[in-house]
>>> print(open('target.cif').read())   # mmCIF, C-alpha atoms
data_entry
#
loop_
_atom_site.label_atom_id
_atom_site.label_comp_id
_atom_site.auth_asym_id
_atom_site.auth_seq_id
_atom_site.Cartn_x
_atom_site.Cartn_y
_atom_site.Cartn_z
CA MET A 1103 -10.53 -40.60 -6.27
CA THR A 1104 -7.27 -41.64 -4.65
CA ILE A 1105 -5.35 -39.42 -2.24
CA TYR A 1106 -1.67 -40.16 -1.65
CA ASP A 1107 -1.46 -39.38 2.00
CA PHE A 1108 0.51 -39.43 5.22
CA PRO A 1109 -2.36 -39.38 7.72
CA VAL A 1110 -0.80 -37.23 10.48
CA GLY A 1111 1.05 -34.83 8.15
CA PRO A 1112 0.09 -31.15 8.35
CA TYR A 1113 -0.41 -30.74 4.58
CA PRO A 1114 -2.33 -34.01 4.14
CA THR A 1115 -4.47 -32.94 7.10
CA ARG A 1116 -5.52 -29.82 5.18
CA VAL A 1117 -6.92 -31.90 2.34
CA ARG A 1118 -8.41 -34.47 4.73
CA ILE A 1119 -10.35 -31.65 6.45
CA ALA A 1120 -11.54 -30.33 3.08
CA VAL A 1121 -12.73 -33.84 2.11
CA ALA A 1122 -14.60 -34.14 5.42
CA GLU A 1123 -16.16 -30.65 5.13
CA LYS A 1124 -17.43 -31.55 1.67
CA GLN A 1125 -18.59 -34.97 2.94
CA LEU A 1126 -16.69 -36.77 0.21
CA GLN A 1127 -15.05 -39.43 2.40
CA SER A 1128 -16.95 -42.27 0.76
CA GLN A 1129 -15.58 -41.28 -2.66
CA VAL A 1130 -11.92 -41.21 -1.61
CA GLN A 1131 -9.42 -44.02 -1.16
CA PHE A 1132 -6.39 -43.02 0.89
CA VAL A 1133 -3.02 -44.56 0.00
CA MET A 1134 -0.20 -44.21 2.49
CA VAL A 1135 3.12 -42.77 1.27
CA ASP A 1136 5.73 -43.02 4.03
CA LEU A 1137 7.44 -39.66 4.41
CA TYR A 1138 9.98 -41.05 6.88
CA GLN A 1139 11.07 -43.58 4.24
CA GLY A 1140 11.33 -40.77 1.68
CA GLU A 1141 8.77 -42.43 -0.58
CA HIS A 1142 7.63 -38.98 -1.75
CA LYS A 1143 11.12 -38.21 -3.06
CA ARG A 1144 11.51 -41.40 -5.13
CA PRO A 1145 11.98 -40.75 -8.86
CA GLU A 1146 8.89 -42.73 -9.86
CA PHE A 1147 6.66 -40.83 -7.42
CA MET A 1148 7.99 -37.50 -8.65
CA ALA A 1149 7.67 -38.52 -12.31
CA GLU A 1150 4.19 -40.02 -12.07
CA LYS A 1151 2.44 -38.26 -9.20
CA ASN A 1152 4.04 -34.92 -8.27
CA TYR A 1153 7.13 -33.26 -9.75
CA SER A 1154 7.66 -31.32 -6.51
CA GLY A 1155 7.85 -34.48 -4.40
CA THR A 1156 5.32 -33.47 -1.77
CA LEU A 1157 2.10 -34.81 -0.28
CA PRO A 1158 -0.84 -34.88 -0.60
CA VAL A 1159 -1.68 -35.72 -4.22
CA LEU A 1160 -5.22 -36.32 -5.49
CA GLU A 1161 -5.44 -38.77 -8.38
CA LEU A 1162 -8.63 -38.84 -10.45
CA SER A 1163 -10.03 -41.98 -12.04
CA ASP A 1164 -8.56 -41.03 -15.44
CA GLY A 1165 -5.09 -40.72 -13.93
CA LEU A 1166 -4.85 -36.93 -13.65
CA CYS A 1167 -2.79 -36.09 -10.55
CA LEU A 1168 -3.45 -32.86 -8.68
CA ALA A 1169 -0.82 -31.68 -6.21
CA GLU A 1170 -0.77 -28.62 -3.91
CA CYS A 1171 -3.37 -28.26 -1.17
CA THR A 1172 -4.92 -25.10 -2.59
CA ALA A 1173 -5.37 -26.70 -6.00
CA ILE A 1174 -6.88 -29.86 -4.51
CA THR A 1175 -9.21 -27.78 -2.33
CA GLU A 1176 -10.31 -25.74 -5.35
CA TYR A 1177 -11.07 -28.99 -7.18
CA LEU A 1178 -13.04 -30.52 -4.30
CA ASP A 1179 -14.87 -27.28 -3.64
CA ALA A 1180 -15.98 -26.97 -7.27
CA LEU A 1181 -17.66 -30.38 -7.05
CA ASP A 1182 -21.14 -30.12 -5.66
CA GLY A 1183 -22.00 -29.64 -2.03
CA GLU A 1184 -21.92 -27.33 0.95
CA PRO A 1185 -20.17 -25.60 2.63
CA THR A 1186 -18.18 -23.43 0.23
CA LEU A 1187 -14.52 -23.37 1.22
CA THR A 1188 -13.04 -21.03 -1.40
CA GLY A 1189 -15.70 -18.32 -1.59
CA ARG A 1190 -18.65 -17.40 -3.79
CA THR A 1191 -18.16 -13.71 -4.63
CA ALA A 1192 -15.08 -12.03 -6.08
CA ARG A 1193 -14.42 -10.43 -2.72
CA GLU A 1194 -14.75 -13.71 -0.78
CA LYS A 1195 -12.49 -15.53 -3.23
CA GLY A 1196 -9.88 -12.78 -3.03
CA VAL A 1197 -9.84 -12.62 0.75
CA ILE A 1198 -9.84 -16.40 1.25
CA HIS A 1199 -6.99 -16.93 -1.20
CA MET A 1200 -4.99 -14.07 0.33
CA MET A 1201 -5.41 -15.29 3.88
CA SER A 1202 -4.69 -18.91 2.97
CA LYS A 1203 -1.52 -17.93 1.13
CA ARG A 1204 -0.54 -15.70 4.05
CA ALA A 1205 -1.07 -18.63 6.41
CA GLU A 1206 1.34 -20.63 4.27
CA LEU A 1207 3.96 -17.91 3.98
CA GLU A 1208 3.89 -16.66 7.55
CA LEU A 1209 3.09 -19.84 9.47
CA LEU A 1210 2.77 -23.28 7.87
CA ASP A 1211 5.50 -23.15 5.22
CA ALA A 1212 7.80 -21.32 7.64
CA ILE A 1213 7.41 -24.11 10.21
CA SER A 1214 7.97 -26.70 7.48
CA VAL A 1215 11.30 -25.09 6.55
CA TYR A 1216 12.25 -24.98 10.23
CA PHE A 1217 11.41 -28.69 10.58
CA HIS A 1218 13.34 -29.77 7.48
CA HIS A 1219 16.36 -27.49 8.01
CA ALA A 1220 16.90 -26.84 11.72
CA THR A 1221 15.65 -30.07 13.33
CA PRO A 1222 16.36 -33.70 12.38
CA GLY A 1223 13.25 -33.48 10.19
CA LEU A 1224 12.52 -36.75 8.39
CA GLY A 1225 15.95 -38.14 9.28
CA PRO A 1226 19.38 -38.09 7.62
CA GLU A 1227 18.41 -40.37 4.74
CA VAL A 1228 15.65 -38.01 3.61
CA GLU A 1229 17.06 -34.61 4.64
CA LEU A 1230 19.99 -34.61 2.22
CA TYR A 1231 20.60 -30.86 2.56
CA GLN A 1232 19.94 -28.67 5.57
CA ASN A 1233 20.50 -24.95 6.07
CA GLN A 1234 20.13 -24.45 9.79
CA GLU A 1235 20.42 -20.66 9.81
CA TRP A 1236 17.61 -20.38 7.28
CA GLY A 1237 15.52 -22.82 9.27
CA LEU A 1238 15.90 -20.87 12.50
CA ARG A 1239 14.93 -17.63 10.76
CA GLN A 1240 11.76 -19.31 9.54
CA ARG A 1241 10.90 -20.47 13.06
CA ASP A 1242 11.08 -16.84 14.22
CA LYS A 1243 8.92 -15.79 11.28
CA ALA A 1244 6.30 -18.36 12.29
CA LEU A 1245 6.22 -17.00 15.83
CA ARG A 1246 5.56 -13.52 14.44
CA GLY A 1247 2.90 -15.11 12.23
CA MET A 1248 1.13 -16.47 15.31
CA HIS A 1249 0.88 -12.93 16.67
CA TYR A 1250 -0.42 -11.71 13.32
CA PHE A 1251 -3.19 -14.33 13.17
CA ASN A 1252 -3.99 -13.65 16.81
CA ALA A 1253 -4.67 -10.02 15.87
CA VAL A 1254 -6.81 -11.11 12.90
CA LEU A 1255 -8.87 -13.41 15.13
CA GLN A 1256 -9.32 -10.68 17.68
CA ARG A 1257 -11.42 -8.71 15.20
CA GLN A 1258 -13.26 -11.53 13.39
CA PRO A 1259 -14.38 -15.10 14.18
CA TYR A 1260 -12.66 -16.84 11.24
CA VAL A 1261 -9.36 -16.29 9.44
CA ALA A 1262 -11.00 -14.84 6.31
CA GLY A 1263 -13.93 -13.10 8.04
CA SER A 1264 -17.32 -14.27 9.20
CA ALA A 1265 -17.36 -17.85 7.84
CA PHE A 1266 -15.20 -20.97 7.98
CA SER A 1267 -13.06 -21.34 4.85
CA MET A 1268 -9.91 -22.79 3.28
CA ALA A 1269 -7.96 -20.08 5.12
CA ASP A 1270 -8.95 -21.58 8.49
CA ILE A 1271 -7.84 -24.99 7.26
CA THR A 1272 -4.42 -23.62 6.31
CA VAL A 1273 -3.91 -22.06 9.74
CA ILE A 1274 -5.01 -25.36 11.30
CA GLY A 1275 -2.25 -27.00 9.23
CA GLY A 1276 0.17 -24.51 10.77
CA MET A 1277 -1.01 -25.37 14.27
CA VAL A 1278 -0.60 -29.10 13.55
CA PHE A 1279 2.96 -28.54 12.37
CA ALA A 1280 3.71 -26.27 15.36
CA ALA A 1281 2.74 -29.12 17.68
CA ILE A 1282 4.96 -31.59 15.80
CA VAL A 1283 8.02 -29.34 16.14
CA LYS A 1284 7.02 -28.31 19.69
CA LEU A 1285 6.78 -24.65 18.75
CA GLU A 1286 4.48 -23.40 21.46
CA VAL A 1287 1.85 -20.77 20.72
CA PRO A 1288 2.68 -17.77 22.94
CA ALA A 1289 0.23 -17.64 25.86
CA GLU A 1290 -0.67 -14.04 25.03
CA CYS A 1291 -2.14 -15.20 21.69
CA THR A 1292 -5.46 -15.83 23.42
CA HIS A 1293 -7.60 -15.16 20.34
CA LEU A 1294 -5.64 -17.61 18.21
CA LEU A 1295 -5.86 -20.24 20.97
CA ALA A 1296 -9.60 -19.71 21.47
CA TRP A 1297 -10.20 -19.98 17.70
CA TYR A 1298 -8.16 -23.19 17.61
CA ALA A 1299 -10.18 -24.68 20.45
CA ARG A 1300 -13.34 -23.93 18.43
CA MET A 1301 -11.82 -25.47 15.29
CA LEU A 1302 -11.02 -28.67 17.21
CA GLU A 1303 -14.73 -29.00 17.98
CA ARG A 1304 -15.60 -29.27 14.29
CA PRO A 1305 -16.20 -32.93 13.30
CA SER A 1306 -14.14 -32.45 10.11
CA VAL A 1307 -11.15 -31.42 12.21
CA ARG A 1308 -11.31 -33.50 15.37
CA SER A 1309 -11.80 -36.72 13.39
CA GLN A 1310 -8.36 -36.42 11.76
CA PRO A 1311 -5.49 -38.77 12.69
CA ALA A 1312 -3.34 -35.71 13.52
CA PHE A 1313 -5.53 -35.19 16.61
CA ALA A 1314 -5.79 -38.81 17.70
CA MET B 1128 -9.47 0.12 -7.71
CA THR B 1129 -5.91 1.06 -6.82
CA ILE B 1130 -2.95 -1.23 -7.40
CA TYR B 1131 0.24 -0.59 -5.47
CA ASP B 1132 2.76 -1.40 -8.10
CA PHE B 1133 6.36 -1.42 -9.25
CA PRO B 1134 5.82 -1.43 -13.02
CA VAL B 1135 8.74 -3.63 -14.12
CA GLY B 1136 8.57 -6.04 -11.17
CA PRO B 1137 7.89 -9.71 -11.97
CA TYR B 1138 5.06 -10.08 -9.45
CA PRO B 1139 3.38 -6.75 -10.33
CA THR B 1140 3.67 -7.79 -13.98
CA ARG B 1141 1.55 -10.87 -13.23
CA VAL B 1142 -1.33 -8.74 -11.97
CA ARG B 1143 -0.82 -6.17 -14.74
CA ILE B 1144 -1.24 -8.94 -17.32
CA ALA B 1145 -4.38 -10.21 -15.55
CA VAL B 1146 -5.84 -6.67 -15.57
CA ALA B 1147 -5.10 -6.36 -19.29
CA GLU B 1148 -6.54 -9.81 -20.12
CA LYS B 1149 -9.76 -8.85 -18.31
CA GLN B 1150 -9.72 -5.42 -20.01
CA LEU B 1151 -10.02 -3.64 -16.68
CA GLN B 1152 -7.27 -1.03 -17.26
CA SER B 1153 -9.74 1.87 -17.22
CA GLN B 1154 -10.94 0.88 -13.73
CA VAL B 1155 -7.49 0.72 -12.16
CA GLN B 1156 -5.23 3.44 -10.85
CA PHE B 1157 -1.60 2.37 -10.45
CA VAL B 1158 0.39 3.84 -7.56
CA MET B 1159 4.16 3.40 -7.61
CA VAL B 1160 5.85 1.90 -4.53
CA ASP B 1161 9.63 2.07 -4.92
CA LEU B 1162 11.10 -1.33 -4.12
CA TYR B 1163 14.67 0.00 -4.33
CA GLN B 1164 13.82 2.51 -1.60
CA GLY B 1165 12.30 -0.28 0.49
CA GLU B 1166 8.91 1.47 0.55
CA HIS B 1167 7.21 -1.96 0.67
CA LYS B 1168 9.00 -2.79 3.94
CA ARG B 1169 8.00 0.41 5.78
CA PRO B 1170 5.91 -0.21 8.90
CA GLU B 1171 2.96 1.85 7.68
CA PHE B 1172 2.80 -0.03 4.35
CA MET B 1173 2.94 -3.38 6.13
CA ALA B 1174 0.34 -2.33 8.72
CA GLU B 1175 -2.11 -0.74 6.28
CA LYS B 1176 -1.60 -2.51 2.94
CA ASN B 1177 0.15 -5.88 3.25
CA TYR B 1178 1.49 -7.59 6.37
CA SER B 1179 3.96 -9.58 4.25
CA GLY B 1180 5.56 -6.44 2.80
CA THR B 1181 5.33 -7.42 -0.87
CA LEU B 1182 3.89 -6.01 -4.08
CA PRO B 1183 1.44 -5.89 -5.75
CA VAL B 1184 -1.53 -4.99 -3.55
CA LEU B 1185 -5.03 -4.30 -4.88
CA GLU B 1186 -7.03 -1.81 -2.81
CA LEU B 1187 -10.79 -1.66 -3.33
CA SER B 1188 -12.81 1.54 -3.00
CA ASP B 1189 -13.93 0.57 0.51
CA GLY B 1190 -10.32 0.18 1.65
CA LEU B 1191 -10.05 -3.62 1.55
CA CYS B 1192 -6.50 -4.54 0.54
CA LEU B 1193 -5.85 -7.77 -1.34
CA ALA B 1194 -2.26 -9.03 -1.51
CA GLU B 1195 -0.80 -12.10 -3.24
CA CYS B 1196 -0.99 -12.44 -7.02
CA THR B 1197 -3.16 -15.56 -6.98
CA ALA B 1198 -5.70 -13.91 -4.68
CA ILE B 1199 -5.80 -10.73 -6.76
CA THR B 1200 -6.19 -12.77 -9.96
CA GLU B 1201 -9.03 -14.78 -8.38
CA TYR B 1202 -10.73 -11.48 -7.48
CA LEU B 1203 -10.31 -9.93 -10.93
CA ASP B 1204 -11.34 -13.15 -12.65
CA ALA B 1205 -14.55 -13.39 -10.61
CA LEU B 1206 -15.61 -9.97 -11.84
CA ASP B 1207 -17.37 -10.15 -15.18
CA GLY B 1208 -15.65 -10.63 -18.51
CA GLU B 1209 -13.68 -12.96 -20.73
CA PRO B 1210 -11.32 -14.74 -20.86
CA THR B 1211 -11.43 -16.93 -17.77
CA LEU B 1212 -7.99 -17.10 -16.15
CA THR B 1213 -8.64 -19.45 -13.20
CA GLY B 1214 -10.85 -22.10 -14.82
CA ARG B 1215 -14.53 -22.94 -15.07
CA THR B 1216 -14.80 -26.61 -14.15
CA ALA B 1217 -13.44 -28.36 -11.07
CA ARG B 1218 -10.79 -29.99 -13.19
CA GLU B 1219 -9.71 -26.74 -14.85
CA LYS B 1220 -9.54 -24.94 -11.50
CA GLY B 1221 -7.49 -27.75 -9.98
CA VAL B 1222 -4.99 -27.95 -12.84
CA ILE B 1223 -4.59 -24.18 -13.18
CA HIS B 1224 -4.01 -23.69 -9.45
CA MET B 1225 -1.57 -26.61 -9.33
CA MET B 1226 0.45 -25.40 -12.29
CA SER B 1227 0.48 -21.80 -11.11
CA LYS B 1228 1.67 -22.83 -7.65
CA ARG B 1229 4.26 -25.11 -9.25
CA ALA B 1230 5.47 -22.17 -11.35
CA GLU B 1231 5.94 -20.21 -8.14
CA LEU B 1232 7.68 -23.00 -6.24
CA GLU B 1233 9.91 -24.28 -9.00
CA LEU B 1234 10.63 -21.09 -10.94
CA LEU B 1235 9.43 -17.63 -9.93
CA ASP B 1236 9.78 -17.79 -6.13
CA ALA B 1237 13.06 -19.70 -6.49
CA ILE B 1238 14.50 -16.93 -8.68
CA SER B 1239 13.20 -14.34 -6.22
CA VAL B 1240 15.07 -16.00 -3.36
CA TYR B 1241 18.20 -16.18 -5.53
CA PHE B 1242 17.88 -12.45 -6.31
CA HIS B 1243 17.35 -11.38 -2.69
CA HIS B 1244 19.93 -13.73 -1.15
CA ALA B 1245 22.74 -14.43 -3.62
CA THR B 1246 22.89 -11.19 -5.63
CA PRO B 1247 22.92 -7.55 -4.41
CA GLY B 1248 19.12 -7.70 -4.78
CA LEU B 1249 17.47 -4.39 -3.87
CA GLY B 1250 20.68 -3.09 -2.30
CA PRO B 1251 22.20 -3.19 1.19
CA GLU B 1252 19.65 -0.87 2.77
CA VAL B 1253 16.76 -3.16 1.83
CA GLU B 1254 18.43 -6.60 1.92
CA LEU B 1255 19.09 -6.65 5.67
CA TYR B 1256 19.67 -10.41 5.78
CA GLN B 1257 21.08 -12.61 3.06
CA ASN B 1258 21.74 -16.35 3.00
CA GLN B 1259 23.88 -16.87 -0.07
CA GLU B 1260 24.02 -20.65 0.07
CA TRP B 1261 20.23 -20.86 0.16
CA GLY B 1262 20.00 -18.38 -2.70
CA LEU B 1263 22.35 -20.37 -4.91
CA ARG B 1264 20.40 -23.58 -4.23
CA GLN B 1265 17.23 -21.82 -5.37
CA ARG B 1266 18.92 -20.67 -8.59
CA ASP B 1267 19.73 -24.31 -9.39
CA LYS B 1268 16.15 -25.29 -8.57
CA ALA B 1269 14.87 -22.66 -11.02
CA LEU B 1270 17.11 -24.05 -13.78
CA ARG B 1271 15.61 -27.50 -13.17
CA GLY B 1272 12.18 -25.83 -13.23
CA MET B 1273 12.87 -24.46 -16.70
CA HIS B 1274 13.49 -28.01 -17.93
CA TYR B 1275 10.29 -29.17 -16.24
CA PHE B 1276 8.16 -26.49 -17.91
CA ASN B 1277 9.91 -27.18 -21.20
CA ALA B 1278 8.71 -30.79 -20.95
CA VAL B 1279 5.18 -29.62 -20.08
CA LEU B 1280 5.11 -27.30 -23.09
CA GLN B 1281 6.37 -30.03 -25.37
CA ARG B 1282 3.12 -31.93 -24.87
CA GLN B 1283 0.61 -29.05 -24.66
CA PRO B 1284 0.35 -25.47 -25.95
CA TYR B 1285 -0.21 -23.76 -22.59
CA VAL B 1286 1.09 -24.36 -19.08
CA ALA B 1287 -2.22 -25.74 -17.79
CA GLY B 1288 -3.36 -27.43 -21.00
CA SER B 1289 -5.16 -26.19 -24.10
CA ALA B 1290 -5.98 -22.60 -23.06
CA PHE B 1291 -4.17 -19.54 -21.73
CA SER B 1292 -4.58 -19.18 -17.94
CA MET B 1293 -3.18 -17.80 -14.71
CA ALA B 1294 -0.56 -20.57 -14.86
CA ASP B 1295 0.92 -19.08 -18.05
CA ILE B 1296 1.03 -15.67 -16.37
CA THR B 1297 2.97 -17.11 -13.43
CA VAL B 1298 5.56 -18.71 -15.71
CA ILE B 1299 5.82 -15.39 -17.59
CA GLY B 1300 6.60 -13.81 -14.19
CA GLY B 1301 9.37 -16.36 -13.80
CA MET B 1302 10.79 -15.52 -17.23
CA VAL B 1303 10.71 -11.79 -16.39
CA PHE B 1304 12.64 -12.42 -13.18
CA ALA B 1305 15.09 -14.73 -14.97
CA ALA B 1306 15.94 -11.87 -17.35
CA ILE B 1307 16.45 -9.44 -14.45
CA VAL B 1308 18.95 -11.77 -12.73
CA LYS B 1309 20.47 -12.81 -16.10
CA LEU B 1310 19.58 -16.46 -15.57
CA GLU B 1311 19.58 -17.67 -19.14
CA VAL B 1312 17.03 -20.22 -20.30
CA PRO B 1313 19.05 -23.27 -21.47
CA ALA B 1314 19.09 -23.36 -25.27
CA GLU B 1315 17.78 -26.94 -25.28
CA CYS B 1316 14.52 -25.72 -23.68
CA THR B 1317 13.14 -25.03 -27.15
CA HIS B 1318 9.50 -25.63 -26.22
CA LEU B 1319 9.67 -23.19 -23.30
CA LEU B 1320 11.35 -20.59 -25.51
CA ALA B 1321 8.82 -21.04 -28.34
CA TRP B 1322 5.93 -20.74 -25.87
CA TYR B 1323 7.48 -17.56 -24.44
CA ALA B 1324 7.83 -16.04 -27.92
CA ARG B 1325 4.11 -16.70 -28.42
CA MET B 1326 3.27 -15.18 -25.05
CA LEU B 1327 5.17 -12.01 -25.96
CA GLU B 1328 2.88 -11.61 -28.96
CA ARG B 1329 -0.18 -11.27 -26.73
CA PRO B 1330 -1.19 -7.60 -26.33
CA SER B 1331 -1.73 -8.10 -22.57
CA VAL B 1332 1.88 -9.21 -22.24
CA ARG B 1333 3.89 -7.16 -24.72
CA SER B 1334 2.29 -3.90 -23.50
CA GLN B 1335 3.82 -4.28 -20.03
CA PRO B 1336 6.66 -2.00 -18.85
CA ALA B 1337 8.75 -5.11 -18.09
CA PHE B 1338 9.11 -5.62 -21.86
CA ALA B 1339 9.70 -1.97 -22.84
#
>>> encode(input="target.cif", output="structure tokens")
Amino acid sequence: MTIYDFPVGPYPTRVRIAVAEKQLQSQVQFVMVDLYQGEHKRPEFMAEKNYSGTLPVLELSDGLCLAECTAITEYLDALDGEPTLTGRTAREKGVIHMMSKRAELELLDAISVYFHHATPGLGPEVELYQNQEWGLRQRDKALRGMHYFNAVLQRQPYVAGSAFSMADITVIGGMVFAAIVKLEVPAECTHLLAWYARMLERPSVRSQPAFA
Amino acid sequence: MTIYDFPVGPYPTRVRIAVAEKQLQSQVQFVMVDLYQGEHKRPEFMAEKNYSGTLPVLELSDGLCLAECTAITEYLDALDGEPTLTGRTAREKGVIHMMSKRAELELLDAISVYFHHATPGLGPEVELYQNQEWGLRQRDKALRGMHYFNAVLQRQPYVAGSAFSMADITVIGGMVFAAIVKLEVPAECTHLLAWYARMLERPSVRSQPAFA
């Protein structure tokens, strides 16, 4: 398998953690796509690898390209091996998918929009359109999201309940992006911060280039 | 099970189709939440049912609330019964999740942003903030998305390949929302239009209030 990757990127980090959790590193070749050169927005990349022009993309040996972190995680998780990242029972699957999507909507994707629209982002040659007002709104949404996940982690040890899952990985992606844009986690979010400290102790997480 | 619902809404229609495909109608009670009255944005709804303030929400008998269409579909699909909407093999799961997410990004969610930001949307008492420029950009993105899915459906009978899946349901949601905002499918998208005509022949689809 080949993963088109930008090693310190928040979204690529999600899939890198999933690969490490599933202990599939030896089966994956990582190929660097330079976001700051806009390589992910080039017509040939979008035509051949991912219509949406985002990273990461997982390419299988027969040429099938899978984009979107949730889809790639579903694929990797359905291969053999422990732990299970996307749930076993109907209830686990439902909760994990809900919380992972919520982590995108309310935290990670919101910070991404802030980065691309209300900061210099990837630079003027890549950020061809910016909507600053929209970007700033999304930053505020992400700050509210931090309080929401703090409340979740006050009542349970992991984002989707009692076990580590894809939902934790998505919130970790949000925390990675928050650090890049210097969006500080409010000090009163002690449960979110304590959870994050625990996540950074996991080998699958702390080994990532984003934390080097 | 209870589903908090707005019967003609594009997102509720996605879950309604999934319920019908799985033949679970007799196990579900639908409760109307009036979007035009902003009932989905009331503090008690957001605190008790869905932090993100969107429909639909599936509530289980023990009170667990599942939001987000993909999460609800994963839950319903993991209960017993045919057909399978989210895939059996790793490859099927990966492709279905990718194409469903792509249908959100490039079509359904883009039209939703257009509706809420560049049209009167749900009315001035619900649409408390609008960003018209962003909304218009998303309309143009959705039109490009129609051409993308037209190309997909030129080479295969269903959005994720050779079988009906959650990805078809998500594109159907996009087509429902396009009709609401009067965003016409370009006439040259003949493969998308032919696929949609076939979808509207499915009992699970044509029985929905959105098509009454």
>>> axis_aligned_box(input="target.cif", around="region 1108-1114 of chain A", padding_each_side="4 Å", output="AutoDock Vina command-line options")
--center_x -0.7 --center_y -35.1 --center_z 7.3 --size_x 11.4 --size_y 16.7 --size_z 14.3
>>> closest_atom_pairs(input="target.cif", of="chain B", to="chain A", cutoff="9 Å", atoms="all atoms listed in the file", output="CSV")
residue,atom,partner,partner_atom,distance
B:Tyr1178,CA,A:Tyr1250,CA,8.3
B:Ser1179,CA,A:Arg1204,CA,7.6
B:Cys1192,CA,A:Val1197,CA,8.7
B:Leu1193,CA,A:Met1200,CA,6.6
B:Ala1194,CA,A:Met1200,CA,6.0
B:Glu1195,CA,A:Met1200,CA,5.8
B:Cys1196,CA,A:Met1200,CA,8.5
B:Thr1197,CA,A:His1199,CA,7.1
B:Ala1198,CA,A:Gly1196,CA,4.6
B:Ile1199,CA,A:Gly1196,CA,5.9
B:Thr1200,CA,A:Gly1196,CA,7.9
B:Glu1201,CA,A:Gly1196,CA,5.8
B:Tyr1202,CA,A:Ala1192,CA,4.6
B:Leu1203,CA,A:Ala1192,CA,7.1
B:Asp1204,CA,A:Ala1192,CA,7.6
B:Ala1205,CA,A:Ala1192,CA,4.8
B:Leu1206,CA,A:Ala1192,CA,6.1
B:Arg1215,CA,A:Ala1180,CA,8.9
B:Thr1216,CA,A:Ala1180,CA,7.0
B:Ala1217,CA,A:Tyr1177,CA,4.6
B:Arg1218,CA,A:Tyr1177,CA,6.1
B:Glu1219,CA,A:Tyr1177,CA,8.1
B:Lys1220,CA,A:Tyr1177,CA,6.1
B:Gly1221,CA,A:Ala1173,CA,4.6
B:Val1222,CA,A:Leu1168,CA,6.6
B:Ile1223,CA,A:Ala1173,CA,7.6
B:His1224,CA,A:Ala1173,CA,4.8
B:Met1225,CA,A:Ala1173,CA,5.1
B:Met1226,CA,A:Ala1173,CA,8.7
B:Lys1228,CA,A:Glu1170,CA,7.3
B:Arg1229,CA,A:Ser1154,CA,7.6
B:Leu1232,CA,A:Ser1154,CA,8.3
B:Glu1233,CA,A:Ser1154,CA,7.8
B:Asn1258,CA,A:Trp1236,CA,7.2
B:Glu1260,CA,A:Asn1233,CA,8.2
B:Trp1261,CA,A:Asn1233,CA,7.2
B:Tyr1275,CA,A:Tyr1153,CA,8.3
>>> atom_distance(input="target.cif", atom1="CA of Lys1284 (chain A)", atom2="CA of Tyr1106 (chain A)")
25.9 Å
>>> residues_near_point(input="target.cif", point="(10.8, -26.3, 12.0)", cutoff="10 Å", atoms="only C-alpha atoms", output="count of residues only")
28
>>> atom_distance(input="target.cif", atom1="CA of Thr1213 (chain B)", atom2="CA of Arg1282 (chain B)")
20.7 Å
>>> atom_distance(input="target.cif", atom1="CA of Lys1151 (chain A)", atom2="CA of Asp1295 (chain B)")
21.2 Å
>>> resolve_selection(input="target.cif", expression="the PyMOL selection byres ((chain B and resi 1276) around 10)", output="PyMOL selection string")
chain B and resi 1226+1229-1230+1233-1234+1271-1275+1277-1281+1285-1286+1298+1316+1318-1319
>>> residues_around(input="target.cif", residues="Thr1181 (chain B)", least_positions_apart="6", cutoff="10 Å", atoms="all atoms listed in the file", output="mmCIF file with C-alpha atoms, keeping the file's coordinate frame")
data_model
loop_
_atom_site.group_PDB
_atom_site.id
_atom_site.type_symbol
_atom_site.label_atom_id
_atom_site.label_comp_id
_atom_site.auth_asym_id
_atom_site.auth_seq_id
_atom_site.Cartn_x
_atom_site.Cartn_y
_atom_site.Cartn_z
ATOM 1 C CA TYR B 1131 0.240 -0.590 -5.470
ATOM 2 C CA ASP B 1132 2.760 -1.400 -8.100
ATOM 3 C CA TYR B 1138 5.060 -10.080 -9.450
ATOM 4 C CA PRO B 1139 3.380 -6.750 -10.330
ATOM 5 C CA LEU B 1162 11.100 -1.330 -4.120
ATOM 6 C CA GLU B 1166 8.910 1.470 0.550
ATOM 7 C CA HIS B 1167 7.210 -1.960 0.670
ATOM 8 C CA LYS B 1168 9.000 -2.790 3.940
ATOM 9 C CA PHE B 1172 2.800 -0.030 4.350
ATOM 10 C CA MET B 1173 2.940 -3.380 6.130
ATOM 11 C CA ALA B 1194 -2.260 -9.030 -1.510
ATOM 12 C CA GLU B 1195 -0.800 -12.100 -3.240
#
>>> residues_near_point(input="target.cif", point="(-8.1, -43.5, -8.7)", cutoff="9 Å", atoms="all atoms listed in the file", output="list in words")
Met1103, Thr1104, Ile1105, Val1130, Gln1131, Leu1160, Glu1161, Leu1162, Ser1163, Asp1164, Gly1165 and Leu1166 of chain A
>>> write_last_selection(input="target.cif", atoms="C-alpha atoms", output="short mmCIF file (atom, residue, chain, number, x, y, z; two decimals), keeping the file's coordinate frame")
data_model
loop_
_atom_site.label_atom_id
_atom_site.label_comp_id
_atom_site.auth_asym_id
_atom_site.auth_seq_id
_atom_site.Cartn_x
_atom_site.Cartn_y
_atom_site.Cartn_z
CA MET A 1103 -10.53 -40.60 -6.27
CA THR A 1104 -7.27 -41.64 -4.65
CA ILE A 1105 -5.35 -39.42 -2.24
CA VAL A 1130 -11.92 -41.21 -1.61
CA GLN A 1131 -9.42 -44.02 -1.16
CA LEU A 1160 -5.22 -36.32 -5.49
CA GLU A 1161 -5.44 -38.77 -8.38
CA LEU A 1162 -8.63 -38.84 -10.45
CA SER A 1163 -10.03 -41.98 -12.04
CA ASP A 1164 -8.56 -41.03 -15.44
CA GLY A 1165 -5.09 -40.72 -13.93
CA LEU A 1166 -4.85 -36.93 -13.65
#
